[in-house]
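Remarks on the structure that follows.
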Amino acid sequence: MQLRYSFRLYPNHAQRGALARAFGCARVVFNDAVRAREDARAVGGPFPKAGELSTRLITQAKQTEARSWLGEVSAVVLQQSLRDAETAYKNFFASLKGERKGPKLGAPRFKSRKDARQSIRFTANARWSVTDSGRLSLPKIGPVKVKWSRILPTTPTSVTVIKDAAGRYFASFVIDTDPAADAARTPDSDQSVGIDLGLTHFAILDDGTKIDSPRFLRRAEKKLKKAQRELSRKQKGSKNREKARLKVARAHAQVADARREFHHQLSTKLIRENQAIGVEDLAVNALARTPLAKSVHDAGWSQFVAMLVYKADRYGRTLIKIGRFVPTSQTCSHCDHVEGPKPLHIREWTCPACGALLDRDINSARNVKKAAGLAESACGAPIRPESVLAQRNEAGSHGFPPKASAA
């Protein structure tokens with residue numbers, strides 16, 4: 001399967017200027033491609049082909065006075081920007097025809113220099129490399145300092161340089177992992193677990209373990225409010241407003257990074273210790289329209305479940321999602337008696353059929369495990385369905401070179 005490896009970049013002042021020019025040139029070429037498509041649609045003509053756009057918007061444009069500055073950046077960056085525009089239109093038309101799964105996609109829009117995220121991509125044709133000193137050498141930018149936090153399992157064929165809203169730079173590599181190495185890294189386990197996700201406790205396991213919710217956003221609200229007030233007082237278009245905007249963006253980035261790290265650690269722990277995992281398919285979009293919206297977004301259930309999905313696929317684990325309409329909080333986990341809906345403030349209840357005292361969250365986790373078919377049968381044998389592998393398609397490098405490269 002394909003995974004993304006991101007590393008922090010620390011360009012110097014001159015390199016930041018070169019990256020800004022590359023971001024701007026790629027954005028202009030993308031917008032020119034969208035404009036060419038829109039002009040063709042307005043007159044009822046056929047859409048221009050990719051080769052025609054490449055000749056007109058890159059090769060010929062460099063020879064004009066208005067676009068001569070396109071020659072200051074690598075041509076591969078401009079070609080990849082055209083490819084991104086072509087992919088965006090293909091996804092749009094596939095979504096219109098119903099051939100693409102997921103929510104409906106709109107037509108590609110023009111990019112702005114004020115967008116929160118800027119990115120460029122270098123392929124092998126650009127002849128980028130990692131120097132002996134560990135720097136990332138990019139054409140017409142130079143060797144950029146990188147904070148290597150891990151070793152790349154294979155040699156990547158492309159790299160994407162990203163600048164986020166907080167002004168941070170990252171080098172992103174999408175590479176294919178070795179299934180045999182992943183399977184050997186995580187041995188088989190005879191354990192299974194049912195997980196109930198909540199707000200007071202982030203996750204409750206069927207064995208009674210309760211994992212507290214860190215509530216990263218709630219803990220940072222005071223700092224965020226102060227930074228947002230300072231931003232609102234600054235004059236629009238001023239340098240002080242840009243400094244205040246970066247301060248707000250960095251505060252939000254710290255919250256998002258802390259939440260992501262928590263999700264990674266917990267999901268990896270669960271995948272390593274259990275061969276099969278049952279989890280409820282929550283309606284996060286619907287819950288985000290309730291008074292609990294801020295707490296739901298702060299918990300980040302969707303991101304956590306997505307991590308469980310791809311890690312289960314990578315390490316050969318079984319992940320079962322049960323339906324969101326299964327009454328896990330209304331059913332007694334001892335006798336399967338359905339009591340009926342209960343308000344959220346009721347955390348414990350007694351089953352009228354068998355008299356068992358039930359903890360609402362632990363009882364739900366046990367019912368999730370039962371509904372997923374992971375509970376033990378009457379003879380003590382575990383009940384496990386066939387594995388359902390996750391699908392995760394992402395553009396990136398393909399194949400395994402004969403020699404792996406260490407970062």
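Simple scheme: letters A, B, ... for chains in structure tokens order, numbers from 1 for residues in each chain, numbers from 1 for ligands in the order shown.
Residues within 12 Å of Arg245 of chain A, counting only C-alpha atoms and excluding same-chain residues fewer than 3 positions away, are A:Lys114, A:Ala116, A:Ala165, A:Ala166, A:Gly167, A:Leu224, A:Ala227, A:Gln228, A:Arg229, A:Glu230, A:Leu231, A:Ser232, A:Arg233, A:Lys234, A:Gln235, A:Lys236, A:Gly237, A:Ser238, A:Lys239, A:Asn240, A:Arg241, A:Glu242, A:Val248, A:Ala249, A:Arg250, A:Ala251, A:His252.
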* Which neighbours of Ile211 of chain A fall inside 8 Å, counting only C-alpha atoms, when residues of the same chain fewer than 5 positions from it are skipped, and could you give them as a PyMOL selection string? -> chain A and resi 201-204
I need the chosen residues saved as a PDB file, in the first residue's frame, with C-alpha atoms.
ATOM      1  CA  HIS A 201     -13.836   9.428  27.454  1.00  0.00           C
ATOM      2  CA  PHE A 202     -12.384   9.314  23.961  1.00  0.00           C
ATOM      3  CA  ALA A 203     -12.464   5.512  23.718  1.00  0.00           C
ATOM      4  CA  ILE A 204     -13.921   2.780  25.917  1.00  0.00           C
TER       5      ILE A 204
END
* strand (DSSP E or B) call set, DSSP backbone run, segment 99-343 of chain A, as a PyMOL selection string -> chain A and resi 118-122+129-130+136-138+142-147+159-163+169-176+192-197+201-205+210-212+276-280+318-322+331+338
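Proximity ranking of A:Pro179, A:Pro143, A:Gly106, A:Gly98 relative to Lys311 of chain A places A:Pro179 first, based on only C-alpha atoms.
Counting from atom CA of Arg27 of chain A, the distance to atom CA of Lys97 of chain A is 28.0 Å.
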